[in-house]
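Heads up, my_file-v1.pdb below (PDB, C-alpha atoms, pLDDT in the B column):
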MODEL        1
ATOM      1  CA  MET I   1      81.788  76.346 108.329  1.00 56.00           C
ATOM      2  CA  VAL I   2      79.771  79.551 108.034  1.00 76.00           C
ATOM      3  CA  GLY I   3      81.399  81.865 110.571  1.00 85.00           C
ATOM      4  CA  GLY I   4      79.863  84.768 112.424  1.00 88.00           C
ATOM      5  CA  ALA I   5      79.000  88.377 111.767  1.00 85.00           C
ATOM      6  CA  GLN I   6      82.304  89.726 113.079  1.00 87.00           C
ATOM      7  CA  ARG I   7      83.606  92.660 111.053  1.00 85.00           C
ATOM      8  CA  ILE I   8      87.138  91.933 109.867  1.00 91.00           C
ATOM      9  CA  PRO I   9      88.896  94.997 108.346  1.00 90.00           C
ATOM     10  CA  ARG I  10      90.658  93.162 105.539  1.00 91.00           C
ATOM     11  CA  PRO I  11      92.841  95.173 103.153  1.00 91.00           C
ATOM     12  CA  PRO I  12      91.999  95.097  99.417  1.00 89.00           C
ATOM     13  CA  THR I  13      94.454  92.280  98.804  1.00 88.00           C
ATOM     14  CA  ILE I  14      95.524  89.388 101.007  1.00 93.00           C
ATOM     15  CA  ARG I  15      97.698  86.312 100.628  1.00 94.00           C
ATOM     16  CA  LEU I  16      96.957  82.977 102.231  1.00 96.00           C
ATOM     17  CA  GLY I  17      99.616  81.544 104.528  1.00 96.00           C
ATOM     18  CA  ALA I  18     100.709  77.999 105.221  1.00 96.00           C
ATOM     19  CA  ALA I  19      98.450  75.393 106.774  1.00 96.00           C
ATOM     20  CA  ALA I  20      98.618  74.960 110.540  1.00 97.00           C
ATOM     21  CA  PRO I  21     100.940  72.210 111.834  1.00 96.00           C
ATOM     22  CA  TRP I  22      98.064  70.262 113.392  1.00 98.00           C
ATOM     23  CA  THR I  23      96.526  69.625 109.968  1.00 97.00           C
ATOM     24  CA  THR I  24      99.060  66.819 109.464  1.00 96.00           C
ATOM     25  CA  ARG I  25      97.593  64.958 112.449  1.00 96.00           C
ATOM     26  CA  PRO I  26      94.733  62.498 111.828  1.00 96.00           C
ATOM     27  CA  PRO I  27      91.326  63.660 113.165  1.00 95.00           C
ATOM     28  CA  GLU I  28      91.401  61.206 116.070  1.00 96.00           C
ATOM     29  CA  ALA I  29      94.716  62.692 117.258  1.00 96.00           C
ATOM     30  CA  ARG I  30      93.048  66.108 117.514  1.00 97.00           C
ATOM     31  CA  ARG I  31      90.446  64.837 120.015  1.00 98.00           C
ATOM     32  CA  LEU I  32      92.264  65.289 123.306  1.00 98.00           C
ATOM     33  CA  PRO I  33      90.884  64.399 126.747  1.00 98.00           C
ATOM     34  CA  LEU I  34      91.470  66.949 129.476  1.00 98.00           C
ATOM     35  CA  ASP I  35      93.990  64.837 131.403  1.00 98.00           C
ATOM     36  CA  GLU I  36      96.172  64.630 128.307  1.00 98.00           C
ATOM     37  CA  VAL I  37      95.895  68.368 127.697  1.00 98.00           C
ATOM     38  CA  ARG I  38      96.833  69.047 131.327  1.00 98.00           C
ATOM     39  CA  ARG I  39      99.866  66.763 131.010  1.00 98.00           C
ATOM     40  CA  ARG I  40     101.059  68.442 127.821  1.00 98.00           C
ATOM     41  CA  CYS I  41     100.486  71.945 129.197  1.00 98.00           C
ATOM     42  CA  ARG I  42     102.712  71.186 132.167  1.00 97.00           C
ATOM     43  CA  ALA I  43     105.450  70.252 129.688  1.00 97.00           C
ATOM     44  CA  PHE I  44     105.269  73.550 127.778  1.00 97.00           C
ATOM     45  CA  PRO I  45     108.504  75.559 127.754  1.00 95.00           C
ATOM     46  CA  ALA I  46     108.561  78.604 130.005  1.00 93.00           C
ATOM     47  CA  PRO I  47     107.493  81.708 128.087  1.00 93.00           C
ATOM     48  CA  ALA I  48     110.145  84.197 127.100  1.00 88.00           C
ATOM     49  CA  GLN I  49     110.297  87.510 128.922  1.00 79.00           C
ATOM     50  CA  PRO I  50     107.826  89.923 127.305  1.00 72.00           C
ATOM     51  CA  PRO I  51     109.264  92.719 125.170  1.00 66.00           C
ATOM     52  CA  ARG I  52     109.676  96.097 126.827  1.00 69.00           C
ATOM     53  CA  VAL I  53     107.693  98.617 124.798  1.00 70.00           C
ATOM     54  CA  PRO I  54     107.366 102.121 126.271  1.00 73.00           C
ATOM     55  CA  GLY I  55     103.746 103.191 126.622  1.00 77.00           C
ATOM     56  CA  ASN I  56     102.259  99.695 126.406  1.00 84.00           C
ATOM     57  CA  GLN I  57      99.733  98.582 129.033  1.00 91.00           C
ATOM     58  CA  ALA I  58      99.979  95.173 130.716  1.00 94.00           C
ATOM     59  CA  ALA I  59      96.957  92.855 130.371  1.00 95.00           C
ATOM     60  CA  ALA I  60      96.189  89.200 130.985  1.00 97.00           C
ATOM     61  CA  VAL I  61      93.624  86.674 129.798  1.00 98.00           C
ATOM     62  CA  LEU I  62      92.505  83.236 130.913  1.00 98.00           C
ATOM     63  CA  VAL I  63      92.147  80.285 128.516  1.00 98.00           C
ATOM     64  CA  PRO I  64      89.600  78.160 130.461  1.00 98.00           C
ATOM     65  CA  LEU I  65      89.422  74.455 129.596  1.00 98.00           C
ATOM     66  CA  PHE I  66      87.052  71.715 130.710  1.00 98.00           C
ATOM     67  CA  GLU I  67      86.062  68.258 129.495  1.00 98.00           C
ATOM     68  CA  GLY I  68      82.817  67.486 127.687  1.00 97.00           C
ATOM     69  CA  GLY I  69      81.969  64.354 125.716  1.00 96.00           C
ATOM     70  CA  GLY I  70      85.390  62.908 126.417  1.00 97.00           C
ATOM     71  CA  GLU I  71      87.361  65.781 124.924  1.00 98.00           C
ATOM     72  CA  THR I  72      88.658  69.197 125.902  1.00 98.00           C
ATOM     73  CA  ARG I  73      86.572  72.304 125.319  1.00 98.00           C
ATOM     74  CA  VAL I  74      87.569  75.957 125.662  1.00 98.00           C
ATOM     75  CA  VAL I  75      85.423  78.826 126.955  1.00 98.00           C
ATOM     76  CA  LEU I  76      85.166  81.973 124.820  1.00 98.00           C
ATOM     77  CA  THR I  77      83.138  85.176 125.006  1.00 97.00           C
ATOM     78  CA  ARG I  78      81.788  87.655 122.498  1.00 95.00           C
ATOM     79  CA  ARG I  79      82.092  91.345 123.323  1.00 92.00           C
ATOM     80  CA  PRO I  80      79.056  93.617 122.907  1.00 90.00           C
ATOM     81  CA  ASP I  81      78.881  96.117 120.065  1.00 78.00           C
ATOM     82  CA  THR I  82      78.657  98.823 122.733  1.00 70.00           C
ATOM     83  CA  MET I  83      82.268  98.341 123.856  1.00 63.00           C
ATOM     84  CA  PRO I  84      84.680 101.200 123.053  1.00 56.00           C
ATOM     85  CA  SER I  85      87.067  98.849 121.226  1.00 61.00           C
ATOM     86  CA  HIS I  86      87.054  95.383 119.605  1.00 61.00           C
ATOM     87  CA  ARG I  87      83.276  95.571 119.222  1.00 68.00           C
ATOM     88  CA  GLY I  88      81.642  92.183 118.634  1.00 76.00           C
ATOM     89  CA  ASP I  89      84.952  90.323 118.733  1.00 92.00           C
ATOM     90  CA  VAL I  90      85.364  86.880 120.241  1.00 96.00           C
ATOM     91  CA  ALA I  91      87.728  86.992 123.202  1.00 96.00           C
ATOM     92  CA  PHE I  92      89.011  85.178 126.260  1.00 98.00           C
ATOM     93  CA  PRO I  93      87.990  86.436 129.698  1.00 98.00           C
ATOM     94  CA  GLY I  94      90.582  89.008 130.733  1.00 97.00           C
ATOM     95  CA  GLY I  95      91.594  92.630 130.697  1.00 95.00           C
ATOM     96  CA  LYS I  96      93.959  95.296 131.927  1.00 94.00           C
ATOM     97  CA  VAL I  97      96.216  94.826 134.913  1.00 96.00           C
ATOM     98  CA  HIS I  98      95.439  97.224 137.775  1.00 96.00           C
ATOM     99  CA  PRO I  99      98.591  97.242 139.942  1.00 95.00           C
ATOM    100  CA  GLU I 100      96.709  98.499 142.978  1.00 97.00           C
ATOM    101  CA  ILE I 101      94.562  95.333 143.105  1.00 97.00           C
ATOM    102  CA  ASP I 102      96.469  92.819 140.946  1.00 97.00           C
ATOM    103  CA  PRO I 103      99.741  91.634 142.533  1.00 97.00           C
ATOM    104  CA  THR I 104     100.574  89.594 139.399  1.00 96.00           C
ATOM    105  CA  LEU I 105      99.477  89.107 135.808  1.00 96.00           C
ATOM    106  CA  LEU I 106      97.806  85.845 136.829  1.00 98.00           C
ATOM    107  CA  ASP I 107      95.814  87.653 139.511  1.00 98.00           C
ATOM    108  CA  ALA I 108      94.540  90.033 136.838  1.00 98.00           C
ATOM    109  CA  ALA I 109      93.461  87.183 134.548  1.00 98.00           C
ATOM    110  CA  LEU I 110      91.625  85.383 137.362  1.00 98.00           C
ATOM    111  CA  ARG I 111      89.971  88.563 138.639  1.00 98.00           C
ATOM    112  CA  GLU I 112      88.754  89.530 135.180  1.00 98.00           C
ATOM    113  CA  ALA I 113      87.389  86.023 134.529  1.00 98.00           C
ATOM    114  CA  GLU I 114      85.414  86.195 137.761  1.00 98.00           C
ATOM    115  CA  GLU I 115      84.091  89.668 136.968  1.00 97.00           C
ATOM    116  CA  GLU I 116      83.255  89.002 133.311  1.00 97.00           C
ATOM    117  CA  VAL I 117      81.734  85.515 133.392  1.00 98.00           C
ATOM    118  CA  GLY I 118      81.408  84.608 137.090  1.00 98.00           C
ATOM    119  CA  LEU I 119      84.166  81.990 137.063  1.00 98.00           C
ATOM    120  CA  PRO I 120      85.441  81.600 140.651  1.00 97.00           C
ATOM    121  CA  ARG I 121      89.213  81.753 140.816  1.00 97.00           C
ATOM    122  CA  ALA I 122      89.199  78.824 143.255  1.00 97.00           C
ATOM    123  CA  ALA I 123      87.744  76.649 140.468  1.00 98.00           C
ATOM    124  CA  VAL I 124      90.730  77.265 138.160  1.00 98.00           C
ATOM    125  CA  GLU I 125      93.831  75.060 138.125  1.00 98.00           C
ATOM    126  CA  VAL I 126      96.445  77.044 136.235  1.00 98.00           C
ATOM    127  CA  VAL I 127      98.597  74.664 134.180  1.00 98.00           C
ATOM    128  CA  ALA I 128     100.551  76.926 131.811  1.00 98.00           C
ATOM    129  CA  GLU I 129     101.523  80.453 130.903  1.00 98.00           C
ATOM    130  CA  LEU I 130     101.805  81.181 127.182  1.00 97.00           C
ATOM    131  CA  GLU I 131     103.962  83.714 125.368  1.00 95.00           C
ATOM    132  CA  THR I 132     103.022  87.342 125.957  1.00 95.00           C
ATOM    133  CA  ILE I 133     101.581  88.907 122.799  1.00 92.00           C
ATOM    134  CA  SER I 134     101.481  92.569 121.822  1.00 88.00           C
ATOM    135  CA  THR I 135      98.309  93.896 120.229  1.00 83.00           C
ATOM    136  CA  VAL I 136      98.538  95.717 116.923  1.00 73.00           C
ATOM    137  CA  THR I 137      96.212  98.668 117.495  1.00 72.00           C
ATOM    138  CA  SER I 138      95.528  99.090 121.225  1.00 73.00           C
ATOM    139  CA  ARG I 139      99.101  98.948 122.634  1.00 83.00           C
ATOM    140  CA  PHE I 140      98.612  96.129 125.125  1.00 90.00           C
ATOM    141  CA  LEU I 141     101.033  93.402 126.170  1.00 93.00           C
ATOM    142  CA  VAL I 142      98.769  90.430 126.884  1.00 95.00           C
ATOM    143  CA  ALA I 143      99.860  87.461 129.016  1.00 96.00           C
ATOM    144  CA  PRO I 144      97.663  84.342 128.465  1.00 98.00           C
ATOM    145  CA  PHE I 145      97.249  81.711 131.194  1.00 98.00           C
ATOM    146  CA  VAL I 146      95.755  78.252 130.610  1.00 98.00           C
ATOM    147  CA  GLY I 147      93.356  77.146 133.338  1.00 98.00           C
ATOM    148  CA  VAL I 148      91.740  73.728 133.806  1.00 98.00           C
ATOM    149  CA  LEU I 149      88.256  73.362 135.323  1.00 98.00           C
ATOM    150  CA  ALA I 150      87.116  70.184 137.056  1.00 97.00           C
ATOM    151  CA  ALA I 151      83.671  70.326 135.411  1.00 97.00           C
ATOM    152  CA  ALA I 152      81.657  72.309 132.897  1.00 97.00           C
ATOM    153  CA  PRO I 153      81.287  75.737 134.517  1.00 96.00           C
ATOM    154  CA  GLU I 154      77.996  77.472 135.298  1.00 96.00           C
ATOM    155  CA  LEU I 155      78.834  80.952 134.059  1.00 97.00           C
ATOM    156  CA  ARG I 156      77.096  84.281 134.667  1.00 96.00           C
ATOM    157  CA  PRO I 157      78.267  86.762 132.033  1.00 97.00           C
ATOM    158  CA  ASP I 158      78.262  90.460 132.887  1.00 96.00           C
ATOM    159  CA  PRO I 159      76.174  92.025 130.061  1.00 94.00           C
ATOM    160  CA  ARG I 160      78.239  95.214 130.203  1.00 93.00           C
ATOM    161  CA  GLU I 161      81.303  93.302 128.980  1.00 93.00           C
ATOM    162  CA  VAL I 162      80.018  90.022 127.534  1.00 96.00           C
ATOM    163  CA  GLU I 163      77.217  89.567 125.019  1.00 95.00           C
ATOM    164  CA  ARG I 164      77.629  85.813 124.771  1.00 96.00           C
ATOM    165  CA  VAL I 165      79.672  83.116 126.471  1.00 97.00           C
ATOM    166  CA  PHE I 166      80.117  79.784 124.707  1.00 97.00           C
ATOM    167  CA  ASP I 167      82.484  76.854 124.450  1.00 98.00           C
ATOM    168  CA  VAL I 168      83.977  74.889 121.587  1.00 98.00           C
ATOM    169  CA  ALA I 169      85.909  71.628 121.387  1.00 98.00           C
ATOM    170  CA  LEU I 170      89.613  71.911 120.593  1.00 98.00           C
ATOM    171  CA  SER I 171      89.041  69.268 117.898  1.00 98.00           C
ATOM    172  CA  GLU I 172      86.537  71.596 116.211  1.00 98.00           C
ATOM    173  CA  LEU I 173      89.071  74.416 116.171  1.00 98.00           C
ATOM    174  CA  MET I 174      91.567  72.004 114.582  1.00 98.00           C
ATOM    175  CA  ALA I 175      89.096  70.485 112.106  1.00 97.00           C
ATOM    176  CA  ASP I 176      89.963  70.754 108.424  1.00 97.00           C
ATOM    177  CA  GLY I 177      88.836  74.023 106.861  1.00 96.00           C
ATOM    178  CA  VAL I 178      88.267  75.916 110.138  1.00 97.00           C
ATOM    179  CA  HIS I 179      91.606  77.709 110.539  1.00 98.00           C
ATOM    180  CA  ARG I 180      93.569  79.728 108.025  1.00 97.00           C
ATOM    181  CA  VAL I 181      96.334  82.310 107.993  1.00 97.00           C
ATOM    182  CA  GLU I 182      96.079  85.483 105.941  1.00 97.00           C
ATOM    183  CA  HIS I 183      98.983  87.831 105.176  1.00 95.00           C
ATOM    184  CA  TRP I 184      97.947  91.468 105.169  1.00 94.00           C
ATOM    185  CA  GLY I 185     100.174  94.189 103.717  1.00 89.00           C
ATOM    186  CA  THR I 186     103.517  93.951 101.981  1.00 84.00           C
ATOM    187  CA  GLY I 187     107.205  93.972 102.867  1.00 83.00           C
ATOM    188  CA  VAL I 188     108.106  94.868 106.446  1.00 79.00           C
ATOM    189  CA  LEU I 189     104.493  95.924 107.067  1.00 81.00           C
ATOM    190  CA  THR I 190     103.126  92.425 106.438  1.00 89.00           C
ATOM    191  CA  ARG I 191     100.917  91.089 109.241  1.00 91.00           C
ATOM    192  CA  GLU I 192     100.109  87.417 109.807  1.00 94.00           C
ATOM    193  CA  VAL I 193      96.418  87.168 110.748  1.00 96.00           C
ATOM    194  CA  HIS I 194      94.926  83.946 112.130  1.00 97.00           C
ATOM    195  CA  ILE I 195      91.216  83.251 111.563  1.00 97.00           C
ATOM    196  CA  PHE I 196      88.993  80.443 112.843  1.00 97.00           C
ATOM    197  CA  GLU I 197      85.598  80.153 111.102  1.00 97.00           C
ATOM    198  CA  LEU I 198      83.160  78.284 113.357  1.00 96.00           C
ATOM    199  CA  GLU I 199      79.514  77.520 112.629  1.00 92.00           C
ATOM    200  CA  ASP I 200      78.221  80.763 114.135  1.00 92.00           C
ATOM    201  CA  GLU I 201      81.285  82.737 115.207  1.00 96.00           C
ATOM    202  CA  THR I 202      84.523  83.981 113.686  1.00 96.00           C
ATOM    203  CA  VAL I 203      87.602  84.158 115.890  1.00 97.00           C
ATOM    204  CA  TRP I 204      90.364  86.433 114.647  1.00 96.00           C
ATOM    205  CA  GLY I 205      92.911  88.949 115.902  1.00 93.00           C
ATOM    206  CA  LEU I 206      94.615  88.515 119.263  1.00 94.00           C
ATOM    207  CA  THR I 207      92.357  85.662 120.428  1.00 96.00           C
ATOM    208  CA  ALA I 208      93.020  83.658 117.273  1.00 97.00           C
ATOM    209  CA  ARG I 209      96.774  84.253 117.629  1.00 97.00           C
ATOM    210  CA  ILE I 210      96.662  82.912 121.183  1.00 98.00           C
ATOM    211  CA  LEU I 211      94.584  79.913 120.124  1.00 98.00           C
ATOM    212  CA  ALA I 212      96.846  79.095 117.184  1.00 98.00           C
ATOM    213  CA  GLY I 213      99.964  79.280 119.340  1.00 97.00           C
ATOM    214  CA  PHE I 214      98.353  77.163 122.060  1.00 98.00           C
ATOM    215  CA  LEU I 215      97.151  74.478 119.624  1.00 98.00           C
ATOM    216  CA  THR I 216     100.543  74.403 117.899  1.00 98.00           C
ATOM    217  CA  LEU I 217     102.297  73.774 121.221  1.00 97.00           C
ATOM    218  CA  LEU I 218      99.681  71.231 122.270  1.00 97.00           C
ATOM    219  CA  THR I 219     100.016  69.132 119.123  1.00 96.00           C
ATOM    220  CA  SER I 220     103.815  69.307 119.025  1.00 95.00           C
ATOM    221  CA  LEU I 221     104.230  67.194 122.184  1.00 89.00           C
TER     222      LEU I 221
ENDMDL
END

As a first step, turn the structure in this file into structure tokens.
Amino acid sequence: MVGGAQRIPRPPTIRLGAAAPWTTRPPEARRLPLDEVRRRCRAFPAPAQPPRVPGNQAAAVLVPLFEGGGETRVVLTRRPDTMPSHRGDVAFPGGKVHPEIDPTLLDAALREAEEEVGLPRAAVEVVAELETISTVTSRFLVAPFVGVLAAAPELRPDPREVERVFDVALSELMADGVHRVEHWGTGVLTREVHIFELEDETVWGLTARILAGFLTLLTSL
């Protein structure tokens, strides 16, 4: 895999972490049809209550799934370099919760997906909520929701927020050599950073943490 042009601010020294749990599964076991993914998602444990961190902003993202070629694919976006933060990063559709228009975290994820890529909320069957994750630099608490689509979506990305929208098979994310864990820092300041190197994109940071957690749950059932 080649990876993309994403700028990853690695420290001078890093240590590689352990291989992902799905690497012990044979390749055919990593090719999952959508019905099987839906079934496993509904069996996920309920997420723990998010940590209470003063000053953090609530946010939510959608992990949109559909079937193509007999296996499950996930929709991702790439942010423009003109964005004030996370320039050029690969992300899920989502954003900040606005309490005046978002009754729940899920409402925020669905609203943002519709605004960013034109995905109608009525087309999304929500099958799981994943663990809330805190960002390292931007002080967000992000709640991910897994949504199933009945067919490959016809998306209309908003160029102000999305430079590119694309999809990738879950089996490609779990293919040998695509994912790795890097340990940045030392002692109590050590960070575990997940990275997925695709043919033309690199997924890292929060999105990669969500993906790694999702795939770990999915392949543990």

Tell me, as a ChimeraX atom specification, which residues lie within 10 Å of segment 133-139 of chain I, counting all atoms listed in the file; anything in the same chain fewer than 2 positions away does not count.
/I:50-51,53-60,85-86,130-131,141-144,191,205-206,209-210

Expected selection from the PyMOL selection byres ((chain I and resi 74) around 8), given as a PyMOL selection string:
chain I and resi 63-66+72-73+75-76+167-170

Written file, previous selection with C-alpha atoms, as an mmCIF file, keeping the file's coordinate frame:
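What follows is the written file out23.cif:
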data_model
loop_
_atom_site.group_PDB
_atom_site.id
_atom_site.type_symbol
_atom_site.label_atom_id
_atom_site.label_comp_id
_atom_site.auth_asym_id
_atom_site.auth_seq_id
_atom_site.Cartn_x
_atom_site.Cartn_y
_atom_site.Cartn_z
ATOM 1 C CA VAL I 63 92.147 80.285 128.516
ATOM 2 C CA PRO I 64 89.600 78.160 130.461
ATOM 3 C CA LEU I 65 89.422 74.455 129.596
ATOM 4 C CA PHE I 66 87.052 71.715 130.710
ATOM 5 C CA THR I 72 88.658 69.197 125.902
ATOM 6 C CA ARG I 73 86.572 72.304 125.319
ATOM 7 C CA VAL I 75 85.423 78.826 126.955
ATOM 8 C CA LEU I 76 85.166 81.973 124.820
ATOM 9 C CA ASP I 167 82.484 76.854 124.450
ATOM 10 C CA VAL I 168 83.977 74.889 121.587
ATOM 11 C CA ALA I 169 85.909 71.628 121.387
ATOM 12 C CA LEU I 170 89.613 71.911 120.593
#

Just say which residues the PyMOL selection byres ((chain I and resi 9) around 12) picks in this file, as a list in words.
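Going through the file, the PyMOL selection byres ((chain I and resi 9) around 12) ends up selecting Gln6, Arg7, Ile8, Arg10, Pro11, Pro12, Thr13, Ile14, His86, Trp184, Val193, Trp204 and Gly205 of chain I.
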
For the selection just defined, write its residues with C-alpha atoms to a file, as a PDB file, in the frame of the given file.
ATOM      1  CA  GLN I   6      82.304  89.726 113.079  1.00 87.00           C
ATOM      2  CA  ARG I   7      83.606  92.660 111.053  1.00 85.00           C
ATOM      3  CA  ILE I   8      87.138  91.933 109.867  1.00 91.00           C
ATOM      4  CA  ARG I  10      90.658  93.162 105.539  1.00 91.00           C
ATOM      5  CA  PRO I  11      92.841  95.173 103.153  1.00 91.00           C
ATOM      6  CA  PRO I  12      91.999  95.097  99.417  1.00 89.00           C
ATOM      7  CA  THR I  13      94.454  92.280  98.804  1.00 88.00           C
ATOM      8  CA  ILE I  14      95.524  89.388 101.007  1.00 93.00           C
ATOM      9  CA  HIS I  86      87.054  95.383 119.605  1.00 61.00           C
ATOM     10  CA  TRP I 184      97.947  91.468 105.169  1.00 94.00           C
ATOM     11  CA  VAL I 193      96.418  87.168 110.748  1.00 96.00           C
ATOM     12  CA  TRP I 204      90.364  86.433 114.647  1.00 96.00           C
ATOM     13  CA  GLY I 205      92.911  88.949 115.902  1.00 93.00           C
TER      14      GLY I 205
END

May I have the protein, DNA and RNA residues with any atom at most 7 Å from the point (84.4, 78.1, 111.5), counting only C-alpha atoms, written as a PyMOL selection string?
chain I and resi 1-3+178+196-199+201-202

Taking the file as shown, what set of residues would the PyMOL selection byres ((chain I and resi 122) around 12) give back, as a list in words?
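Applied to this file, the PyMOL selection byres ((chain I and resi 122) around 12) selects Asp107, Leu110, Arg111, Ala113, Glu114, Gly118, Leu119, Pro120, Arg121, Ala123, Val124, Glu125, Val126, Gly147, Val148, Leu149 and Ala150 of chain I.
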
Name the residues in contact with Glu112 of chain I at a cut-off of 7 Å, using all atoms listed in the file, excluding same-chain residues fewer than 2 positions from it; report them as a list of chain:residue names.
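The residues satisfying every condition are I:Pro93, I:Gly94, I:Gly95, I:Ala108, I:Ala109, I:Leu110, I:Glu114, I:Glu115, I:Glu116.
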
Rank nothing, just name the residue among I:Ile195, I:Ala20, I:Ala5, I:Val61 nearest to Leu215 of chain I, using all atoms listed in the file.
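Nearest to Leu215 of chain I: I:Ala20.
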
When distances are computed from all atoms listed in the file, which of I:Val97, I:Leu32, I:Leu105, I:Val181 shows the smallest separation from Gly70 of chain I?
I:Leu32

What is the atom CA of Ala43 of chain I-atom CA of Val127 of chain I distance in Å, reported with one decimal?
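Atom CA of Val127 of chain I lies 9.3 Å from atom CA of Ala43 of chain I.
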
For Glu36 of chain I, please output as a list in words all residues within 10 Å (counting all atoms listed in the file; exclusion window: fewer than 3 positions along the same chain).
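Skipping anything fewer than 3 positions along the chain leaves Leu32, Pro33, Arg39, Arg40, Cys41, Glu71, Thr72 and Leu218 of chain I.
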